[in-house]
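Text of the file run_23.pdb, holding PDB, C-alpha atoms:
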```
ATOM      1  CA  MET T  49     -43.530 -15.223  27.319
ATOM      2  CA  ALA T  50     -44.638 -12.248  25.188
ATOM      3  CA  LEU T  51     -41.917 -10.123  26.778
ATOM      4  CA  ALA T  52     -39.241 -12.685  25.842
ATOM      5  CA  VAL T  53     -40.478 -12.791  22.221
ATOM      6  CA  LEU T  54     -40.541  -8.974  22.091
ATOM      7  CA  LEU T  55     -37.006  -8.838  23.492
ATOM      8  CA  ILE T  56     -35.769 -11.387  20.902
ATOM      9  CA  LEU T  57     -37.428  -9.429  18.080
ATOM     10  CA  LEU T  58     -35.857  -6.207  19.374
ATOM     11  CA  VAL T  59     -32.378  -7.757  19.480
ATOM     12  CA  LEU T  60     -32.882  -9.252  16.016
ATOM     13  CA  GLY T  61     -34.091  -5.891  14.660
ATOM     14  CA  LEU T  62     -31.094  -4.130  16.221
ATOM     15  CA  PHE T  63     -28.727  -6.692  14.642
ATOM     16  CA  VAL T  64     -30.324  -6.321  11.199
ATOM     17  CA  GLY T  65     -30.251  -2.522  11.567
ATOM     18  CA  THR T  66     -26.522  -2.458  12.338
ATOM     19  CA  LYS T  67     -25.839  -4.740   9.364
ATOM     20  CA  SER T  68     -27.878  -2.633   6.940
ATOM     21  CA  ILE T  69     -26.712   0.894   7.849
ATOM     22  CA  LYS T  70     -23.118   1.879   7.071
ATOM     23  CA  ILE T  71     -21.685   5.352   7.544
ATOM     24  CA  VAL T  72     -18.645   5.953   5.348
ATOM     25  CA  GLY T  73     -16.280   8.765   6.313
ATOM     26  CA  GLN T  74     -14.956  11.602   4.171
ATOM     27  CA  ALA T  75     -12.269  10.497   1.645
ATOM     28  CA  GLU T  76     -13.232   6.852   2.161
ATOM     29  CA  VAL T  77     -15.247   4.376   0.118
ATOM     30  CA  MET T  78     -16.509   0.832   0.543
ATOM     31  CA  VAL T  79     -16.794  -1.754  -2.207
ATOM     32  CA  ILE T  80     -20.193  -3.432  -1.809
ATOM     33  CA  GLU T  81     -20.833  -6.968  -3.042
ATOM     34  CA  ARG T  82     -24.276  -8.406  -3.629
ATOM     35  CA  LEU T  83     -24.335 -12.187  -3.251
ATOM     36  CA  GLY T  84     -20.558 -12.351  -3.725
ATOM     37  CA  ARG T  85     -20.346 -10.172  -6.859
ATOM     38  CA  PHE T  86     -19.402  -6.518  -7.239
ATOM     39  CA  HIS T  87     -22.496  -4.322  -6.987
ATOM     40  CA  ARG T  88     -21.416  -0.715  -6.303
ATOM     41  CA  VAL T  89     -19.005   1.613  -4.540
ATOM     42  CA  ALA T  90     -20.452   3.198  -1.397
ATOM     43  CA  ARG T  91     -19.292   6.826  -1.151
ATOM     44  CA  SER T  92     -18.978   8.990   1.967
ATOM     45  CA  GLY T  93     -22.140   9.491   3.966
ATOM     46  CA  LEU T  94     -25.046   7.227   4.945
ATOM     47  CA  ASN T  95     -25.381   4.007   2.929
ATOM     48  CA  MET T  96     -28.113   1.382   3.173
ATOM     49  CA  LEU T  97     -27.315  -2.281   2.556
ATOM     50  CA  ILE T  98     -29.705  -5.178   2.148
ATOM     51  CA  PRO T  99     -28.968  -7.387   5.170
ATOM     52  CA  PHE T 100     -27.567 -10.872   4.419
ATOM     53  CA  VAL T 101     -27.549 -10.065   0.664
ATOM     54  CA  GLU T 102     -25.068  -7.157   0.435
ATOM     55  CA  ARG T 103     -21.824  -6.875   2.341
ATOM     56  CA  PRO T 104     -18.694  -4.707   2.193
ATOM     57  CA  ARG T 105     -15.623  -6.388   0.682
ATOM     58  CA  SER T 106     -12.510  -6.405   2.870
ATOM     59  CA  ILE T 107      -9.047  -5.620   1.490
ATOM     60  CA  ASP T 108      -5.519  -6.085   2.857
ATOM     61  CA  VAL T 109      -3.681  -3.097   4.334
ATOM     62  CA  ARG T 110      -0.165  -2.551   5.658
ATOM     63  CA  TYR T 111       1.180   0.111   7.978
ATOM     64  CA  PHE T 112       4.213   0.907  10.115
ATOM     65  CA  GLU T 113       4.036   0.815  13.892
ATOM     66  CA  ASN T 114       6.596   1.744  16.504
ATOM     67  CA  ASP T 115       6.789  -0.724  19.384
ATOM     68  CA  VAL T 116       7.709   0.147  22.977
ATOM     69  CA  ASN T 117      11.447   0.122  22.167
ATOM     70  CA  GLY T 118      10.983   2.466  19.203
ATOM     71  CA  VAL T 119      11.604  -0.244  16.603
ATOM     72  CA  LYS T 120       9.548   0.083  13.414
ATOM     73  CA  ARG T 121       7.416  -2.923  12.534
ATOM     74  CA  ILE T 122       5.227  -3.654   9.561
ATOM     75  CA  SER T 123       1.722  -4.587  10.621
ATOM     76  CA  ALA T 124      -0.744  -6.177   8.261
ATOM     77  CA  GLY T 125      -4.496  -6.384   8.543
ATOM     78  CA  SER T 126      -7.695  -6.040   6.603
ATOM     79  CA  THR T 127     -10.383  -3.393   6.418
ATOM     80  CA  THR T 128     -13.611  -2.777   4.550
ATOM     81  CA  ARG T 129     -12.856   0.922   4.041
ATOM     82  CA  ILE T 130     -10.575   2.149   1.258
ATOM     83  CA  ASP T 131      -8.794   5.420   1.990
ATOM     84  CA  LEU T 132      -8.681   7.680  -1.079
ATOM     85  CA  ARG T 133      -6.053  10.047   0.348
ATOM     86  CA  GLU T 134      -2.395   9.845  -0.630
ATOM     87  CA  GLN T 135      -0.700   7.047   1.266
ATOM     88  CA  VAL T 136       2.904   6.293   2.140
ATOM     89  CA  LEU T 137       4.339   2.822   1.708
ATOM     90  CA  ASN T 138       7.647   2.603   3.513
ATOM     91  CA  PHE T 139       9.550  -0.655   3.701
ATOM     92  CA  PRO T 140      12.863  -1.755   5.221
ATOM     93  CA  SER T 141      16.124  -1.197   3.353
ATOM     94  CA  GLN T 142      17.210  -3.939   1.017
ATOM     95  CA  PRO T 143      20.503  -5.046  -0.474
ATOM     96  CA  VAL T 144      20.926  -4.175  -4.178
ATOM     97  CA  ILE T 145      23.874  -5.153  -6.388
ATOM     98  CA  THR T 146      25.286  -2.524  -8.751
ATOM     99  CA  LYS T 147      26.765  -3.156 -12.211
ATOM    100  CA  ASP T 148      30.294  -3.268 -10.731
ATOM    101  CA  ASN T 149      29.227  -5.978  -8.195
ATOM    102  CA  VAL T 150      29.009  -3.785  -5.091
ATOM    103  CA  THR T 151      26.183  -4.555  -2.685
ATOM    104  CA  ILE T 152      24.541  -1.417  -1.317
ATOM    105  CA  ASP T 153      21.576  -0.991   1.027
ATOM    106  CA  ILE T 154      18.813   1.219  -0.340
ATOM    107  CA  ASP T 155      15.833   2.474   1.630
ATOM    108  CA  ALA T 156      12.917   3.589  -0.563
ATOM    109  CA  VAL T 157       9.450   4.990   0.028
ATOM    110  CA  ILE T 158       6.510   5.167  -2.375
ATOM    111  CA  TYR T 159       3.579   7.617  -2.300
ATOM    112  CA  TYR T 160       0.360   6.505  -3.945
ATOM    113  CA  ARG T 161      -3.390   6.978  -3.896
ATOM    114  CA  VAL T 162      -6.243   4.713  -4.914
ATOM    115  CA  ALA T 163      -7.888   6.139  -8.048
ATOM    116  CA  ASP T 164     -10.262   3.250  -8.813
ATOM    117  CA  PRO T 165     -11.486   1.344  -5.722
ATOM    118  CA  GLN T 166     -13.023  -1.456  -7.784
ATOM    119  CA  LYS T 167      -9.728  -2.242  -9.557
ATOM    120  CA  ALA T 168      -7.749  -1.882  -6.307
ATOM    121  CA  THR T 169     -10.013  -4.514  -4.754
ATOM    122  CA  TYR T 170     -10.355  -7.024  -7.582
ATOM    123  CA  ALA T 171      -7.365  -6.545  -9.951
ATOM    124  CA  VAL T 172      -4.714  -7.358  -7.323
ATOM    125  CA  GLN T 173      -4.949  -9.604  -4.282
ATOM    126  CA  ASN T 174      -2.801  -7.641  -1.810
ATOM    127  CA  LEU T 175      -2.189  -4.084  -3.047
ATOM    128  CA  PRO T 176       0.471  -2.923  -0.521
ATOM    129  CA  TYR T 177       2.489  -6.131  -0.937
ATOM    130  CA  ALA T 178       2.224  -5.930  -4.743
ATOM    131  CA  LEU T 179       3.431  -2.303  -4.738
ATOM    132  CA  GLU T 180       6.301  -3.159  -2.390
ATOM    133  CA  THR T 181       7.419  -6.128  -4.500
ATOM    134  CA  LEU T 182       7.147  -4.111  -7.716
ATOM    135  CA  THR T 183       9.206  -1.294  -6.173
ATOM    136  CA  LYS T 184      11.913  -3.692  -4.990
ATOM    137  CA  THR T 185      12.274  -5.462  -8.338
ATOM    138  CA  THR T 186      12.234  -2.166 -10.260
ATOM    139  CA  LEU T 187      14.900  -0.749  -7.938
ATOM    140  CA  ARG T 188      17.090  -3.831  -8.459
ATOM    141  CA  ASN T 189      16.719  -3.585 -12.233
ATOM    142  CA  ILE T 190      17.572   0.133 -12.398
ATOM    143  CA  VAL T 191      20.496   0.045  -9.956
ATOM    144  CA  GLY T 192      21.794  -3.181 -11.540
ATOM    145  CA  GLU T 193      22.437  -1.212 -14.750
ATOM    146  CA  MET T 194      24.496   1.476 -12.940
ATOM    147  CA  GLU T 195      27.913   1.540 -11.322
ATOM    148  CA  LEU T 196      28.371   2.566  -7.681
ATOM    149  CA  ASP T 197      29.545   6.143  -8.386
ATOM    150  CA  GLN T 198      26.687   6.715 -10.813
ATOM    151  CA  THR T 199      24.170   5.281  -8.319
ATOM    152  CA  LEU T 200      25.338   7.556  -5.507
ATOM    153  CA  GLY T 201      25.043  10.653  -7.700
ATOM    154  CA  SER T 202      21.855   9.849  -9.606
ATOM    155  CA  ARG T 203      19.142   9.855  -6.985
ATOM    156  CA  ASP T 204      16.752  12.007  -9.035
ATOM    157  CA  LEU T 205      17.268   9.895 -12.153
ATOM    158  CA  ILE T 206      16.567   6.680 -10.196
ATOM    159  CA  ASN T 207      13.465   8.213  -8.569
ATOM    160  CA  ARG T 208      12.090   9.349 -11.953
ATOM    161  CA  ARG T 209      12.738   6.029 -13.721
ATOM    162  CA  MET T 210      11.235   4.059 -10.830
ATOM    163  CA  ARG T 211       8.108   6.221 -10.793
ATOM    164  CA  GLU T 212       7.612   5.794 -14.547
ATOM    165  CA  VAL T 213       7.954   2.000 -14.417
ATOM    166  CA  ILE T 214       5.829   1.555 -11.264
ATOM    167  CA  ASP T 215       3.122   3.943 -12.464
ATOM    168  CA  GLU T 216       2.852   2.141 -15.801
ATOM    169  CA  ALA T 217       2.670  -1.297 -14.139
ATOM    170  CA  SER T 218       0.242  -0.311 -11.373
ATOM    171  CA  ILE T 219      -2.283   1.585 -13.522
ATOM    172  CA  GLY T 220      -4.195  -1.665 -14.019
ATOM    173  CA  TRP T 221      -4.540  -1.939 -10.233
ATOM    174  CA  GLY T 222      -6.440   1.360  -9.995
ATOM    175  CA  VAL T 223      -3.523   3.103  -8.292
ATOM    176  CA  ASP T 224      -1.902   6.444  -9.088
ATOM    177  CA  VAL T 225       1.754   6.553  -7.976
ATOM    178  CA  THR T 226       2.534  10.169  -7.122
ATOM    179  CA  ARG T 227       6.169   9.944  -5.926
ATOM    180  CA  VAL T 228       8.959   7.445  -5.383
ATOM    181  CA  GLU T 229      11.840   8.548  -3.181
ATOM    182  CA  LEU T 230      15.122   6.939  -2.162
ATOM    183  CA  GLN T 231      15.597   7.775   1.500
ATOM    184  CA  SER T 232      19.147   6.482   1.833
ATOM    185  CA  ILE T 233      21.844   4.735  -0.185
ATOM    186  CA  GLU T 234      24.479   3.092   1.984
ATOM    187  CA  PRO T 235      27.533   1.414   0.445
ATOM    188  CA  PRO T 236      29.408  -1.286   2.397
ATOM    189  CA  ARG T 237      31.441  -0.097   5.399
ATOM    190  CA  ASP T 238      34.867  -0.690   3.795
ATOM    191  CA  ILE T 239      33.937   1.242   0.639
ATOM    192  CA  GLN T 240      32.454   4.021   2.767
ATOM    193  CA  GLN T 241      35.742   4.286   4.713
ATOM    194  CA  SER T 242      37.834   4.378   1.523
ATOM    195  CA  MET T 243      35.562   7.106   0.118
ATOM    196  CA  GLU T 244      36.019   9.122   3.298
ATOM    197  CA  LEU T 245      39.807   8.704   3.028
ATOM    198  CA  GLN T 246      39.763   9.878  -0.600
ATOM    199  CA  MET T 247      37.865  13.005   0.407
TER
END
```
How would this structure read if it were set down as structure tokens?
Amino acid sequence: MALAVLLILLVLGLFVGTKSIKIVGQAEVMVIERLGRFHRVARSGLNMLIPFVERPRSIDVRYFENDVNGVKRISAGSTTRIDLREQVLNFPSQPVITKDNVTIDIDAVIYYRVADPQKATYAVQNLPYALETLTKTTLRNIVGEMELDQTLGSRDLINRRMREVIDEASIGWGVDVTRVELQSIEPPRDIQQSMELQM
């Protein structure tokens, strides 16, 4: 009987120990809540938590994966660790209509880093999705003011204007947008063929 009680106490102590000790890696942080409210940001190294009172807050993350066939897929999940390194948010190409009513497919990528983990956790519900949506709407607004020829030749101008707008809008989310790049601009097939014939 005493052995069973000792074994139960040992298992309980091991459980409480694993809940109270958190090791945070280099360039990572954890947002710690005490009784459901923000308490502190746990930096890299050994961190002690009060079991059942303090817990790390989980946030949504998004990343690209290649499946067995080599097709890129967006995977979503959640984690308690916030990576402070520069991150890449790549999303599938989207149709955008220019000022002269031509639909083109544009593939964009955004580079950002979390500057304020508390804001990135509490100021926006799903940071990667919010950045993606903001990038898409900004891209539509900018390209919608340009004609097709101007769009094809103004990649740097579009990148700069997008970065300014996205950086200004996302500063309240605790995010620093470092670069916005257009990977490809593809006009419709018939316009592409006529452009090739003109050349």
Rank T:Val162, T:Glu81, T:Val72, T:Pro176 by their smallest atom-to-atom distance to Ser123 (chain T), using only C-alpha atoms, and report the top residue only.
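Distance minimum relative to Ser123 (chain T) lands on T:Pro176.
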CA of Ile69 (chain T) and CA of Asp164 (chain T) are how many Å apart?
23.5 Å
Shortest interatomic distance to Ile107 (chain T) - which of T:Ser126, T:Ser218, T:Thr186, T:Thr151, counting all atoms listed in the file
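Between T:Ser126, T:Ser218, T:Thr186, T:Thr151, the residue approaching Ile107 (chain T) most closely is T:Ser126.
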Contacts of region 87-95 of chain T within 7 Å, all atoms listed in the file, excl. fewer than 6 positions in-chain, as a PyMOL selection string:
chain T and resi 69-81
Any chance you could export the current selection's C-alpha atoms as a PDB file, in the frame of the given file?
```pdb
ATOM      1  CA  ILE T  69     -26.712   0.894   7.849  1.00  0.00           C
ATOM      2  CA  LYS T  70     -23.118   1.879   7.071  1.00  0.00           C
ATOM      3  CA  ILE T  71     -21.685   5.352   7.544  1.00  0.00           C
ATOM      4  CA  VAL T  72     -18.645   5.953   5.348  1.00  0.00           C
ATOM      5  CA  GLY T  73     -16.280   8.765   6.313  1.00  0.00           C
ATOM      6  CA  GLN T  74     -14.956  11.602   4.171  1.00  0.00           C
ATOM      7  CA  ALA T  75     -12.269  10.497   1.645  1.00  0.00           C
ATOM      8  CA  GLU T  76     -13.232   6.852   2.161  1.00  0.00           C
ATOM      9  CA  VAL T  77     -15.247   4.376   0.118  1.00  0.00           C
ATOM     10  CA  MET T  78     -16.509   0.832   0.543  1.00  0.00           C
ATOM     11  CA  VAL T  79     -16.794  -1.754  -2.207  1.00  0.00           C
ATOM     12  CA  ILE T  80     -20.193  -3.432  -1.809  1.00  0.00           C
ATOM     13  CA  GLU T  81     -20.833  -6.968  -3.042  1.00  0.00           C
TER      14      GLU T  81
END
```
Using all atoms listed in the file, determine which residues lie at most 10 Å from region 195-200 of chain T, disregarding the query and same-chain residues fewer than 4 positions distant; provide the list as a list in words.
Ile145, Thr146, Lys147, Asp148, Asn149, Val150, Thr151, Ile152, Ile190, Val191, Leu205, Ile206, Ser232, Ile233, Glu234 and Pro235 of chain T
Residues as selected, C-alpha atoms, written as a CSV table (one decimal), in the frame of the given file, can you do that?
```csv
chain,number,residue,atom,x,y,z
T,145,ILE,CA,23.9,-5.2,-6.4
T,146,THR,CA,25.3,-2.5,-8.8
T,147,LYS,CA,26.8,-3.2,-12.2
T,148,ASP,CA,30.3,-3.3,-10.7
T,149,ASN,CA,29.2,-6.0,-8.2
T,150,VAL,CA,29.0,-3.8,-5.1
T,151,THR,CA,26.2,-4.6,-2.7
T,152,ILE,CA,24.5,-1.4,-1.3
T,190,ILE,CA,17.6,0.1,-12.4
T,191,VAL,CA,20.5,0.0,-10.0
T,205,LEU,CA,17.3,9.9,-12.2
T,206,ILE,CA,16.6,6.7,-10.2
T,232,SER,CA,19.1,6.5,1.8
T,233,ILE,CA,21.8,4.7,-0.2
T,234,GLU,CA,24.5,3.1,2.0
T,235,PRO,CA,27.5,1.4,0.4
```
Hey, could you pull the box centre and edge lengths for region 209-217 of chain T, axis-aligned, 3 Å padding per side, all listed atoms, to one decimal in Å, as lines of an AutoDock Vina configuration file?
```
center_x = 7.7
center_y = 2.5
center_z = -13.3
size_x = 16.1
size_y = 13.5
size_z = 11.0
```
Can you work out which one of T:Gln135, T:Arg85, T:Pro99, T:Asp204 has the shortest atom-to-atom distance to Thr66 (chain T), counting only C-alpha atoms?
T:Pro99
Identify which of the residues T:Gln142, T:Ser202, T:Gln166, T:Ser68 lies closest to Gly222 (chain T), counting all atoms listed in the file when measuring atom-to-atom distances.
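Ranking T:Gln142, T:Ser202, T:Gln166, T:Ser68 by distance to Gly222 (chain T), first place goes to T:Gln166.
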For Arg161 (chain T), which of T:Arg237, T:Arg203, T:Arg82, T:Arg133 is the closest residue, counting all atoms listed in the file?
T:Arg133
Of the candidates T:Ser141, T:Asn207, T:Thr181, T:Asn174, which shows the shortest atom-to-atom distance to Glu229 (chain T), using only C-alpha atoms?
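Among the listed residues, the smallest separation from Glu229 (chain T) belongs to T:Asn207.
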For a test of reading the model, state the distance in Å between CA of Glu216 (chain T) and CA of Leu137 (chain T), rounded to one decimal.
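Straight-line distance from CA of Glu216 (chain T) to CA of Leu137 (chain T) works out to 17.6 Å.
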Region 155-174 of chain T dumped to file, N, CA and C atoms, as a PDB file, in the first residue's frame:
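Final output, saved to out19.pdb:
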```pdb
ATOM      1  N   ASP T 155       1.969  36.229 -57.993  1.00  0.00           N
ATOM      2  CA  ASP T 155       2.462  35.412 -56.895  1.00  0.00           C
ATOM      3  C   ASP T 155       3.368  36.291 -56.043  1.00  0.00           C
ATOM      4  N   ALA T 156       2.999  36.492 -54.776  1.00  0.00           N
ATOM      5  CA  ALA T 156       3.765  37.388 -53.903  1.00  0.00           C
ATOM      6  C   ALA T 156       4.267  36.634 -52.679  1.00  0.00           C
ATOM      7  N   VAL T 157       5.302  37.180 -52.067  1.00  0.00           N
ATOM      8  CA  VAL T 157       5.855  36.623 -50.840  1.00  0.00           C
ATOM      9  C   VAL T 157       6.183  37.799 -49.915  1.00  0.00           C
ATOM     10  N   ILE T 158       5.976  37.583 -48.617  1.00  0.00           N
ATOM     11  CA  ILE T 158       6.221  38.642 -47.641  1.00  0.00           C
ATOM     12  C   ILE T 158       7.207  38.118 -46.593  1.00  0.00           C
ATOM     13  N   TYR T 159       8.171  38.953 -46.224  1.00  0.00           N
ATOM     14  CA  TYR T 159       9.157  38.625 -45.195  1.00  0.00           C
ATOM     15  C   TYR T 159       8.868  39.501 -43.986  1.00  0.00           C
ATOM     16  N   TYR T 160       8.750  38.881 -42.827  1.00  0.00           N
ATOM     17  CA  TYR T 160       8.432  39.649 -41.626  1.00  0.00           C
ATOM     18  C   TYR T 160       9.091  39.005 -40.412  1.00  0.00           C
ATOM     19  N   ARG T 161       9.132  39.776 -39.326  1.00  0.00           N
ATOM     20  CA  ARG T 161       9.594  39.222 -38.054  1.00  0.00           C
ATOM     21  C   ARG T 161       8.739  39.811 -36.937  1.00  0.00           C
ATOM     22  N   VAL T 162       8.563  39.035 -35.893  1.00  0.00           N
ATOM     23  CA  VAL T 162       7.773  39.482 -34.750  1.00  0.00           C
ATOM     24  C   VAL T 162       8.653  40.364 -33.882  1.00  0.00           C
ATOM     25  N   ALA T 163       8.251  41.626 -33.713  1.00  0.00           N
ATOM     26  CA  ALA T 163       9.007  42.586 -32.907  1.00  0.00           C
ATOM     27  C   ALA T 163       8.473  42.656 -31.482  1.00  0.00           C
ATOM     28  N   ASP T 164       7.160  42.488 -31.314  1.00  0.00           N
ATOM     29  CA  ASP T 164       6.527  42.553 -30.005  1.00  0.00           C
ATOM     30  C   ASP T 164       5.639  41.325 -29.824  1.00  0.00           C
ATOM     31  N   PRO T 165       6.125  40.293 -29.104  1.00  0.00           N
ATOM     32  CA  PRO T 165       5.352  39.056 -28.966  1.00  0.00           C
ATOM     33  C   PRO T 165       3.993  39.244 -28.298  1.00  0.00           C
ATOM     34  N   GLN T 166       3.895  40.184 -27.374  1.00  0.00           N
ATOM     35  CA  GLN T 166       2.615  40.407 -26.699  1.00  0.00           C
ATOM     36  C   GLN T 166       1.562  40.917 -27.690  1.00  0.00           C
ATOM     37  N   LYS T 167       1.920  41.901 -28.514  1.00  0.00           N
ATOM     38  CA  LYS T 167       0.983  42.412 -29.516  1.00  0.00           C
ATOM     39  C   LYS T 167       0.657  41.344 -30.564  1.00  0.00           C
ATOM     40  N   ALA T 168       1.672  40.575 -30.984  1.00  0.00           N
ATOM     41  CA  ALA T 168       1.440  39.538 -31.994  1.00  0.00           C
ATOM     42  C   ALA T 168       0.492  38.463 -31.488  1.00  0.00           C
ATOM     43  N   THR T 169       0.414  38.296 -30.171  1.00  0.00           N
ATOM     44  CA  THR T 169      -0.473  37.294 -29.592  1.00  0.00           C
ATOM     45  C   THR T 169      -1.864  37.844 -29.351  1.00  0.00           C
ATOM     46  N   TYR T 170      -1.968  39.069 -28.868  1.00  0.00           N
ATOM     47  CA  TYR T 170      -3.261  39.591 -28.422  1.00  0.00           C
ATOM     48  C   TYR T 170      -3.899  40.615 -29.370  1.00  0.00           C
ATOM     49  N   ALA T 171      -3.125  41.302 -30.209  1.00  0.00           N
ATOM     50  CA  ALA T 171      -3.694  42.356 -31.058  1.00  0.00           C
ATOM     51  C   ALA T 171      -4.365  41.807 -32.314  1.00  0.00           C
ATOM     52  N   VAL T 172      -4.008  40.588 -32.711  1.00  0.00           N
ATOM     53  CA  VAL T 172      -4.592  39.973 -33.907  1.00  0.00           C
ATOM     54  C   VAL T 172      -4.821  38.498 -33.609  1.00  0.00           C
ATOM     55  N   GLN T 173      -5.925  37.958 -34.132  1.00  0.00           N
ATOM     56  CA  GLN T 173      -6.288  36.589 -33.770  1.00  0.00           C
ATOM     57  C   GLN T 173      -5.443  35.538 -34.494  1.00  0.00           C
ATOM     58  N   ASN T 174      -5.194  35.727 -35.781  1.00  0.00           N
ATOM     59  CA  ASN T 174      -4.419  34.770 -36.557  1.00  0.00           C
ATOM     60  C   ASN T 174      -3.436  35.574 -37.409  1.00  0.00           C
TER      61      ASN T 174
END
```
